[in-house]
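**Q** What follows is upload_16.pdb, made up of PDB, C-alpha atoms:
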```
ATOM      1  CA  MET T  28      -3.857  20.518   7.346
ATOM      2  CA  PRO T  29      -1.740  17.436   6.453
ATOM      3  CA  THR T  30      -2.098  15.732   3.091
ATOM      4  CA  ALA T  31      -1.880  12.084   2.066
ATOM      5  CA  LEU T  32      -1.708  10.229  -1.236
ATOM      6  CA  ILE T  33      -2.727   6.567  -1.145
ATOM      7  CA  THR T  34      -2.133   4.370  -4.168
ATOM      8  CA  GLY T  35      -4.500   1.434  -4.408
ATOM      9  CA  GLY T  36      -6.834   3.415  -2.193
ATOM     10  CA  THR T  37     -10.288   2.545  -3.525
ATOM     11  CA  THR T  38     -10.701  -0.824  -1.740
ATOM     12  CA  GLY T  39      -9.454  -2.814   1.216
ATOM     13  CA  ILE T  40      -6.575  -1.503   3.318
ATOM     14  CA  GLY T  41      -6.039   1.538   1.120
ATOM     15  CA  ARG T  42      -9.628   2.656   1.379
ATOM     16  CA  ALA T  43      -9.779   2.018   5.134
ATOM     17  CA  THR T  44      -6.670   4.166   5.494
ATOM     18  CA  ALA T  45      -8.206   6.930   3.399
ATOM     19  CA  GLU T  46     -11.320   6.962   5.567
ATOM     20  CA  LEU T  47      -9.309   6.966   8.787
ATOM     21  CA  LEU T  48      -6.938   9.743   7.717
ATOM     22  CA  HIS T  49      -9.799  11.878   6.428
ATOM     23  CA  ALA T  50     -11.577  11.482   9.765
ATOM     24  CA  ARG T  51      -8.386  12.689  11.464
ATOM     25  CA  GLY T  52      -8.225  15.868   9.433
ATOM     26  CA  TYR T  53      -6.093  14.921   6.433
ATOM     27  CA  ARG T  54      -6.703  16.033   2.902
ATOM     28  CA  VAL T  55      -6.641  12.760   0.995
ATOM     29  CA  ALA T  56      -6.105  11.562  -2.571
ATOM     30  CA  VAL T  57      -6.561   7.922  -3.590
ATOM     31  CA  THR T  58      -5.821   6.040  -6.785
ATOM     32  CA  GLY T  59      -7.249   2.967  -8.443
ATOM     33  CA  GLN T  60      -7.860   1.606 -11.917
ATOM     34  CA  ASN T  61     -10.864  -0.703 -11.653
ATOM     35  CA  PRO T  62     -13.867   1.263 -12.991
ATOM     36  CA  ASP T  63     -16.324  -0.275 -10.489
ATOM     37  CA  SER T  64     -14.070   0.376  -7.484
ATOM     38  CA  LEU T  65     -13.384   3.916  -8.662
ATOM     39  CA  ALA T  66     -17.108   4.599  -9.062
ATOM     40  CA  ARG T  67     -17.888   3.236  -5.585
ATOM     41  CA  ALA T  68     -15.093   5.288  -4.053
ATOM     42  CA  GLN T  69     -16.362   8.426  -5.782
ATOM     43  CA  LEU T  70     -19.840   7.740  -4.454
ATOM     44  CA  GLU T  71     -19.035   6.563  -0.923
ATOM     45  CA  LEU T  72     -15.928   8.471   0.174
ATOM     46  CA  PRO T  73     -16.346  12.049   1.447
ATOM     47  CA  ASP T  74     -16.792  14.578  -1.336
ATOM     48  CA  ASP T  75     -13.462  16.273  -0.711
ATOM     49  CA  VAL T  76     -11.422  13.083  -1.148
ATOM     50  CA  LEU T  77      -9.670  13.234  -4.513
ATOM     51  CA  VAL T  78     -10.210   9.976  -6.446
ATOM     52  CA  VAL T  79      -7.871   9.545  -9.422
ATOM     53  CA  ARG T  80      -7.754   6.783 -12.013
ATOM     54  CA  SER T  81      -4.082   5.856 -12.316
ATOM     55  CA  ASP T  82      -2.310   2.738 -13.566
ATOM     56  CA  ALA T  83       0.933   2.149 -11.634
ATOM     57  CA  ARG T  84       2.424   0.433 -14.698
ATOM     58  CA  ASP T  85       2.152   3.577 -16.802
ATOM     59  CA  LEU T  86       4.672   6.310 -15.967
ATOM     60  CA  ALA T  87       2.629   8.825 -17.968
ATOM     61  CA  ASP T  88      -0.288   8.084 -15.618
ATOM     62  CA  THR T  89       2.042   8.610 -12.663
ATOM     63  CA  ASP T  90       3.193  11.966 -14.049
ATOM     64  CA  ALA T  91      -0.436  13.018 -14.477
ATOM     65  CA  LEU T  92      -1.287  11.835 -10.962
ATOM     66  CA  VAL T  93       1.520  13.828  -9.372
ATOM     67  CA  ALA T  94       0.558  16.906 -11.389
ATOM     68  CA  THR T  95      -3.070  16.564 -10.241
ATOM     69  CA  VAL T  96      -2.085  16.146  -6.587
ATOM     70  CA  SER T  97       0.306  19.093  -6.845
ATOM     71  CA  GLU T  98      -2.390  21.319  -8.316
ATOM     72  CA  ARG T  99      -4.957  20.281  -5.694
ATOM     73  CA  PHE T 100      -2.824  20.054  -2.540
ATOM     74  CA  GLY T 101       0.561  21.583  -3.312
ATOM     75  CA  THR T 102       2.555  19.306  -1.008
ATOM     76  CA  LEU T 103       2.360  15.887   0.665
ATOM     77  CA  ASP T 104       2.964  14.788   4.237
ATOM     78  CA  LEU T 105       2.209  11.074   3.814
ATOM     79  CA  LEU T 106       2.712   8.863   0.784
ATOM     80  CA  PHE T 107       1.188   5.398   1.237
ATOM     81  CA  LEU T 108       2.319   3.154  -1.617
ATOM     82  CA  ASN T 109      -0.260   0.409  -1.345
ATOM     83  CA  ALA T 110      -1.086  -0.489  -4.965
ATOM     84  CA  GLY T 111      -0.346  -4.077  -5.874
ATOM     85  CA  ILE T 112      -1.581  -7.170  -7.661
ATOM     86  CA  LEU T 113      -1.414 -10.909  -7.088
ATOM     87  CA  ARG T 114      -1.591 -13.438  -9.905
ATOM     88  CA  PRO T 115      -1.338 -16.775  -8.059
ATOM     89  CA  ALA T 116       0.190 -19.680  -9.968
ATOM     90  CA  PRO T 117       2.704 -22.446  -9.355
ATOM     91  CA  VAL T 118       6.171 -21.772 -10.777
ATOM     92  CA  ALA T 119       5.582 -24.098 -13.715
ATOM     93  CA  ASP T 120       2.537 -22.094 -14.811
ATOM     94  CA  VAL T 121       3.833 -18.521 -14.473
ATOM     95  CA  THR T 122       3.792 -16.783 -17.853
ATOM     96  CA  GLU T 123       6.091 -14.013 -18.974
ATOM     97  CA  GLU T 124       3.077 -11.717 -19.264
ATOM     98  CA  SER T 125       2.013 -12.389 -15.661
ATOM     99  CA  PHE T 126       5.594 -12.012 -14.428
ATOM    100  CA  ASP T 127       6.072  -8.668 -16.185
ATOM    101  CA  GLU T 128       2.699  -7.352 -15.000
ATOM    102  CA  GLN T 129       3.420  -8.083 -11.341
ATOM    103  CA  VAL T 130       6.899  -6.582 -11.539
ATOM    104  CA  ALA T 131       5.497  -3.502 -13.280
ATOM    105  CA  VAL T 132       2.793  -2.852 -10.685
ATOM    106  CA  ASN T 133       4.314  -4.109  -7.439
ATOM    107  CA  PHE T 134       7.864  -2.866  -7.817
ATOM    108  CA  LYS T 135       8.466  -0.605 -10.811
ATOM    109  CA  GLY T 136       5.212   1.275 -10.332
ATOM    110  CA  GLN T 137       5.792   1.859  -6.618
ATOM    111  CA  TYR T 138       9.405   2.889  -7.187
ATOM    112  CA  PHE T 139       8.619   5.516  -9.792
ATOM    113  CA  THR T 140       5.546   6.818  -7.981
ATOM    114  CA  LEU T 141       7.810   7.444  -5.013
ATOM    115  CA  GLN T 142      10.446   9.062  -7.218
ATOM    116  CA  LYS T 143       7.983  11.369  -8.926
ATOM    117  CA  ALA T 144       6.134  12.271  -5.700
ATOM    118  CA  LEU T 145       9.303  13.102  -3.753
ATOM    119  CA  PRO T 146       9.413  16.746  -4.886
ATOM    120  CA  LEU T 147       5.969  17.212  -3.279
ATOM    121  CA  MET T 148       7.007  15.646   0.051
ATOM    122  CA  ASN T 149       7.440  18.043   2.931
ATOM    123  CA  ASP T 150      10.596  17.652   4.982
ATOM    124  CA  GLY T 151       9.700  15.551   8.004
ATOM    125  CA  GLY T 152       7.058  13.662   6.039
ATOM    126  CA  SER T 153       6.427   9.922   5.928
ATOM    127  CA  ILE T 154       6.482   7.250   3.233
ATOM    128  CA  VAL T 155       4.856   3.879   3.929
ATOM    129  CA  LEU T 156       4.980   0.920   1.540
ATOM    130  CA  THR T 157       2.831  -2.206   1.737
ATOM    131  CA  VAL T 158       4.922  -5.381   1.634
ATOM    132  CA  GLY T 159       3.003  -8.219   3.321
ATOM    133  CA  ILE T 160       4.110 -11.090   5.484
ATOM    134  CA  GLY T 161       4.482 -13.401   2.496
ATOM    135  CA  ALA T 162       7.760 -11.715   1.566
ATOM    136  CA  ARG T 163       9.324 -13.162   4.736
ATOM    137  CA  ARG T 164       7.226 -16.230   5.517
ATOM    138  CA  GLY T 165       6.323 -17.436   2.031
ATOM    139  CA  THR T 166       3.022 -18.001   0.248
ATOM    140  CA  VAL T 167       2.428 -21.039  -1.948
ATOM    141  CA  GLY T 168       1.701 -20.035  -5.531
ATOM    142  CA  ALA T 169       2.879 -16.460  -5.054
ATOM    143  CA  THR T 170       6.564 -16.575  -5.946
ATOM    144  CA  VAL T 171       6.424 -13.532  -8.223
ATOM    145  CA  ALA T 172       4.158 -11.413  -6.029
ATOM    146  CA  THR T 173       6.191 -12.059  -2.886
ATOM    147  CA  ALA T 174       9.459 -11.431  -4.737
ATOM    148  CA  THR T 175       8.243  -8.070  -6.034
ATOM    149  CA  ARG T 176       6.981  -7.070  -2.599
ATOM    150  CA  GLY T 177      10.221  -8.316  -1.098
ATOM    151  CA  ALA T 178      12.122  -5.985  -3.427
ATOM    152  CA  LEU T 179      10.466  -3.069  -1.616
ATOM    153  CA  LEU T 180      11.620  -4.522   1.676
ATOM    154  CA  ALA T 181      15.169  -4.921   0.360
ATOM    155  CA  MET T 182      15.427  -1.278  -0.663
ATOM    156  CA  LEU T 183      13.938   0.011   2.605
ATOM    157  CA  PRO T 184      17.195   0.577   4.540
ATOM    158  CA  SER T 185      18.875   2.354   1.617
ATOM    159  CA  LEU T 186      15.854   4.540   0.986
ATOM    160  CA  ALA T 187      15.547   5.444   4.677
ATOM    161  CA  LEU T 188      19.214   6.451   4.754
ATOM    162  CA  GLU T 189      18.963   8.489   1.564
ATOM    163  CA  LEU T 190      15.960  10.491   2.763
ATOM    164  CA  ALA T 191      17.103  10.902   6.375
ATOM    165  CA  PRO T 192      18.733  14.318   5.710
ATOM    166  CA  ARG T 193      15.252  15.614   4.888
ATOM    167  CA  ARG T 194      13.853  13.845   7.963
ATOM    168  CA  ILE T 195      11.524  11.911   5.656
ATOM    169  CA  ARG T 196      10.758   8.614   7.342
ATOM    170  CA  VAL T 197      10.402   5.467   5.246
ATOM    171  CA  ASN T 198       8.787   2.336   6.670
ATOM    172  CA  THR T 199       6.896  -0.694   5.429
ATOM    173  CA  VAL T 200       3.787  -2.394   6.746
ATOM    174  CA  SER T 201       3.386  -6.148   6.329
ATOM    175  CA  PRO T 202      -0.163  -7.370   6.882
ATOM    176  CA  GLY T 203      -0.897 -11.037   7.303
ATOM    177  CA  ALA T 204      -4.250 -12.482   6.259
ATOM    178  CA  THR T 205      -6.697  -9.565   6.156
ATOM    179  CA  GLU T 206     -10.420  -9.381   5.476
ATOM    180  CA  THR T 207     -10.432  -7.555   2.139
ATOM    181  CA  PRO T 208     -12.264  -8.000  -1.173
ATOM    182  CA  LEU T 209      -9.118  -9.720  -2.476
ATOM    183  CA  LEU T 210     -10.106 -12.986  -0.775
ATOM    184  CA  ASP T 211     -13.366 -13.080  -2.718
ATOM    185  CA  LYS T 212     -11.650 -11.961  -5.922
ATOM    186  CA  LEU T 213      -9.200 -14.851  -5.640
ATOM    187  CA  GLY T 214     -12.023 -17.270  -4.874
ATOM    188  CA  VAL T 215     -10.568 -18.477  -1.571
ATOM    189  CA  PRO T 216     -13.107 -21.035  -0.229
ATOM    190  CA  GLN T 217     -14.316 -21.115   3.366
ATOM    191  CA  SER T 218     -12.235 -24.229   4.012
ATOM    192  CA  GLY T 219      -9.137 -22.398   2.856
ATOM    193  CA  ARG T 220      -9.907 -19.435   5.087
ATOM    194  CA  ASP T 221     -10.457 -21.729   8.049
ATOM    195  CA  ALA T 222      -7.078 -23.362   7.417
ATOM    196  CA  MET T 223      -5.408 -19.958   7.319
ATOM    197  CA  ARG T 224      -7.049 -18.915  10.592
ATOM    198  CA  ALA T 225      -5.829 -22.102  12.267
ATOM    199  CA  ASN T 226      -2.251 -20.866  11.811
ATOM    200  CA  ILE T 227      -2.899 -17.453  13.365
ATOM    201  CA  PRO T 228      -2.434 -17.339  17.168
ATOM    202  CA  PHE T 229      -5.181 -14.694  17.460
ATOM    203  CA  GLY T 230      -7.501 -17.062  15.578
ATOM    204  CA  ARG T 231      -8.833 -14.488  13.139
ATOM    205  CA  PHE T 232      -7.916 -12.321  10.175
ATOM    206  CA  ALA T 233      -7.024  -8.665  10.577
ATOM    207  CA  SER T 234      -9.543  -6.055   9.564
ATOM    208  CA  SER T 235      -8.510  -3.439   7.030
ATOM    209  CA  GLN T 236      -9.092  -0.834   9.730
ATOM    210  CA  GLU T 237      -6.516  -2.458  12.027
ATOM    211  CA  VAL T 238      -3.850  -2.212   9.338
ATOM    212  CA  ALA T 239      -4.941   1.351   8.569
ATOM    213  CA  GLU T 240      -4.309   2.304  12.208
ATOM    214  CA  VAL T 241      -0.681   1.183  11.858
ATOM    215  CA  VAL T 242      -0.241   3.194   8.652
ATOM    216  CA  ALA T 243      -1.754   6.241  10.354
ATOM    217  CA  PHE T 244       0.661   5.822  13.262
ATOM    218  CA  LEU T 245       3.660   5.612  10.916
ATOM    219  CA  GLY T 246       2.462   8.779   9.217
ATOM    220  CA  SER T 247       1.977  10.671  12.468
ATOM    221  CA  ASP T 248       4.289  12.716  14.679
ATOM    222  CA  ALA T 249       4.092   9.885  17.207
ATOM    223  CA  ALA T 250       6.388   7.937  14.852
ATOM    224  CA  ARG T 251       8.713  10.833  14.086
ATOM    225  CA  TYR T 252      11.781   8.808  15.226
ATOM    226  CA  VAL T 253      10.845   5.592  13.410
ATOM    227  CA  THR T 254      12.422   4.900  10.025
ATOM    228  CA  GLY T 255      13.702   1.926   8.058
ATOM    229  CA  GLN T 256      11.364  -0.497   9.861
ATOM    230  CA  ASP T 257       8.972  -3.198   8.690
ATOM    231  CA  VAL T 258       5.897  -3.394  10.925
ATOM    232  CA  VAL T 259       4.182  -6.784  10.811
ATOM    233  CA  VAL T 260       0.417  -6.796  11.424
ATOM    234  CA  ALA T 261      -0.405 -10.499  11.459
ATOM    235  CA  GLY T 262      -1.904 -11.535  14.786
ATOM    236  CA  GLY T 263       1.202 -13.518  15.722
ATOM    237  CA  TYR T 264       1.365 -15.565  12.529
ATOM    238  CA  GLY T 265       4.790 -17.165  12.153
ATOM    239  CA  LEU T 266       5.762 -16.981  15.825
ATOM    240  CA  ALA T 267       5.202 -20.682  16.499
ATOM    241  CA  ALA T 268       7.691 -23.229  15.219
TER     242      ALA T 268
END
```
As structure tokens, how would this structure be written, given the file I've shared?

**A**
Amino acid sequence: MPTALITGGTTGIGRATAELLHARGYRVAVTGQNPDSLARAQLELPDDVLVVRSDARDLADTDALVATVSERFGTLDLLFLNAGILRPAPVADVTEESFDEQVAVNFKGQYFTLQKALPLMNDGGSIVLTVGIGARRGTVGATVATATRGALLAMLPSLALELAPRRIRVNTVSPGATETPLLDKLGVPQSGRDAMRANIPFGRFASSQEVAEVVAFLGSDAARYVTGQDVVVAGGYGLAA
């Protein structure tokens, strides 16, 4: 039975991926740090899904997470590094605290979770990192978040080459606008959402489940010859001049 660890797996894309993989026979562990989201995940996800409170900024938390997953599952076949935060602000208003927090979660945290989980990865396994279309196309007010996500994209080719001898595939997924609780959390008004949809050729946002299907594909044997690639899931956003 294959096993998957999903960081940032208690809401949105991460949770949809956890539900999909579990339905397809995976043993699944998810992480989060918001007490309400963790409680809902504990209550609503299947009983055998391992829900772990873990802060990506804290390497001691990461060590504890990997130890817990090792004790419960032994090995991993899919590592989905999905945890991330967005603190929108124009350049002039970005504080050092906000800058450091986003770097710590979106880049440092993902990097060291990968490093510490590697000993659990089976040869021939799959690592998927969430980047997002903003790293290539730009998002107003998100210079730090897109830069930290873009750092994952920049290291993708080197990481894929380094892990190729073990046949571990490394890919990224870049969702465009997606219907997740983040939109409500950021207070995006209906007018703003309508404006975003107007720039998407498909005329709608992605669902979390649609992005989860791409992650599941990248983790499956069907993608066993795919590595070092960024898969954009954005309904055609950015294709028009």

**Q** Could you give me, as JSON lines, every range 237-257 of chain T residue with an atom at most 10 Å from range 103-106 of chain T, plus its closest atom pair and distance in Å to one decimal, counting only C-alpha atoms, rows ordered by chain then number?

**A**
```
{"residue": "T:Val242", "atom": "CA", "partner": "T:Leu105", "partner_atom": "CA", "distance": 9.6}
{"residue": "T:Ala243", "atom": "CA", "partner": "T:Leu105", "partner_atom": "CA", "distance": 9.0}
{"residue": "T:Leu245", "atom": "CA", "partner": "T:Leu105", "partner_atom": "CA", "distance": 9.1}
{"residue": "T:Gly246", "atom": "CA", "partner": "T:Leu105", "partner_atom": "CA", "distance": 5.9}
{"residue": "T:Ser247", "atom": "CA", "partner": "T:Leu105", "partner_atom": "CA", "distance": 8.7}
```

**Q** Quick one: distance from CA of Val130 in chain T to CA of Gln236 in chain T in Å, one decimal?

**A** 27.2 Å

**Q** Could you expand the PyMOL selection byres ((chain T and resi 40-54) around 7) into the explicit residues it covers here, written as JSON, numbers by chain?

**A** {"T": [28, 29, 30, 31, 33, 35, 36, 37, 38, 39, 55, 76, 109, 235, 236, 238, 239, 243]}

**Q** Would you kindly translate the PyMOL selection byres ((chain T and resi 196) around 9) into the concrete residues it picks from this file, as an mmCIF file with C-alpha atoms, in the frame of the given file?

**A**
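Dumped to out_32.cif:
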```
data_model
loop_
_atom_site.group_PDB
_atom_site.id
_atom_site.type_symbol
_atom_site.label_atom_id
_atom_site.label_comp_id
_atom_site.auth_asym_id
_atom_site.auth_seq_id
_atom_site.Cartn_x
_atom_site.Cartn_y
_atom_site.Cartn_z
ATOM 1 C CA GLY T 151 9.700 15.551 8.004
ATOM 2 C CA GLY T 152 7.058 13.662 6.039
ATOM 3 C CA SER T 153 6.427 9.922 5.928
ATOM 4 C CA ILE T 154 6.482 7.250 3.233
ATOM 5 C CA VAL T 155 4.856 3.879 3.929
ATOM 6 C CA ALA T 187 15.547 5.444 4.677
ATOM 7 C CA LEU T 190 15.960 10.491 2.763
ATOM 8 C CA ALA T 191 17.103 10.902 6.375
ATOM 9 C CA ARG T 193 15.252 15.614 4.888
ATOM 10 C CA ARG T 194 13.853 13.845 7.963
ATOM 11 C CA ILE T 195 11.524 11.911 5.656
ATOM 12 C CA VAL T 197 10.402 5.467 5.246
ATOM 13 C CA ASN T 198 8.787 2.336 6.670
ATOM 14 C CA LEU T 245 3.660 5.612 10.916
ATOM 15 C CA GLY T 246 2.462 8.779 9.217
ATOM 16 C CA ALA T 250 6.388 7.937 14.852
ATOM 17 C CA ARG T 251 8.713 10.833 14.086
ATOM 18 C CA TYR T 252 11.781 8.808 15.226
ATOM 19 C CA VAL T 253 10.845 5.592 13.410
ATOM 20 C CA THR T 254 12.422 4.900 10.025
ATOM 21 C CA GLY T 255 13.702 1.926 8.058
#
```

**Q** Can you spell out as an mmCIF file with C-alpha atoms, keeping the file's coordinate frame the set of residues that the PyMOL selection byres ((chain T and resi 57) around 6) selects in the structure I just provided?

**A**
```cif
data_model
loop_
_atom_site.group_PDB
_atom_site.id
_atom_site.type_symbol
_atom_site.label_atom_id
_atom_site.label_comp_id
_atom_site.auth_asym_id
_atom_site.auth_seq_id
_atom_site.Cartn_x
_atom_site.Cartn_y
_atom_site.Cartn_z
ATOM 1 C CA LEU T 32 -1.708 10.229 -1.236
ATOM 2 C CA ILE T 33 -2.727 6.567 -1.145
ATOM 3 C CA THR T 34 -2.133 4.370 -4.168
ATOM 4 C CA GLY T 36 -6.834 3.415 -2.193
ATOM 5 C CA ALA T 56 -6.105 11.562 -2.571
ATOM 6 C CA THR T 58 -5.821 6.040 -6.785
ATOM 7 C CA VAL T 78 -10.210 9.976 -6.446
#
```

**Q** Please return as a short mmCIF file (atom, residue, chain, number, x, y, z; two decimals) with C-alpha atoms, in the coordinates of the input every residue within 12 Å of (4.1, -22.5, 14.1), taking into account all atoms listed in the file and the file's own coordinates.

**A**
```
data_model
loop_
_atom_site.label_atom_id
_atom_site.label_comp_id
_atom_site.auth_asym_id
_atom_site.auth_seq_id
_atom_site.Cartn_x
_atom_site.Cartn_y
_atom_site.Cartn_z
CA ARG T 164 7.23 -16.23 5.52
CA MET T 223 -5.41 -19.96 7.32
CA ALA T 225 -5.83 -22.10 12.27
CA ASN T 226 -2.25 -20.87 11.81
CA ILE T 227 -2.90 -17.45 13.36
CA PRO T 228 -2.43 -17.34 17.17
CA GLY T 263 1.20 -13.52 15.72
CA TYR T 264 1.36 -15.56 12.53
CA GLY T 265 4.79 -17.16 12.15
CA LEU T 266 5.76 -16.98 15.82
CA ALA T 267 5.20 -20.68 16.50
CA ALA T 268 7.69 -23.23 15.22
#
```

**Q** For Asn149 in chain T, which of T:Gly177, T:Gly101, T:Gly136, T:Gly161 is the closest residue, counting all atoms listed in the file?

**A**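 Smallest separation from Asn149 in chain T among the options: T:Gly101.
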
**Q** Which of these, T:Ile112, T:Ala144, T:Ala131, T:Leu72, has the shortest distance to Ala91 in chain T once you count all atoms listed in the file?

**A**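 Going through T:Ile112, T:Ala144, T:Ala131, T:Leu72 one by one, the smallest distance to Ala91 in chain T is for T:Ala144.
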
**Q** What's the separation between CA of Ser125 in chain T and CA of Gly111 in chain T, in Å to one decimal place?

**A**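 Atom-to-atom, CA of Ser125 in chain T and CA of Gly111 in chain T are spaced 13.1 Å apart.
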
**Q** Hey, which of T:Leu86, T:Ala204, T:Met182, T:Ala94 ends up closest to Leu147 in chain T? Count all atoms listed in the file.

**A**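 When distances to Leu147 in chain T are compared using all atoms listed in the file, the smallest one comes from T:Ala94.
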
**Q** With all atoms listed in the file as the atoms that count, which of T:Ala174, T:Ala233, T:Ala110, T:Leu141 lies nearest to Asp82 in chain T?

**A**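 Distance minimum relative to Asp82 in chain T lands on T:Ala110.
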
**Q** Go ahead and fit an axis-aligned box to every listed atom of range 225-244 of chain T plus 3 Å each side, and pass me the centre and edge lengths in Å, one decimal, as lines of an AutoDock Vina configuration file.

**A**
```
center_x = -4.4
center_y = -7.9
center_z = 12.2
size_x = 16.2
size_y = 34.3
size_z = 16.4
```

**Q** Looking at T:Phe126, T:Tyr138, T:Phe232, T:Phe244, which one is nearest to Leu186 in chain T, with distances taken over all atoms listed in the file?

**A**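 The answer is T:Tyr138, which sits nearest to Leu186 in chain T.
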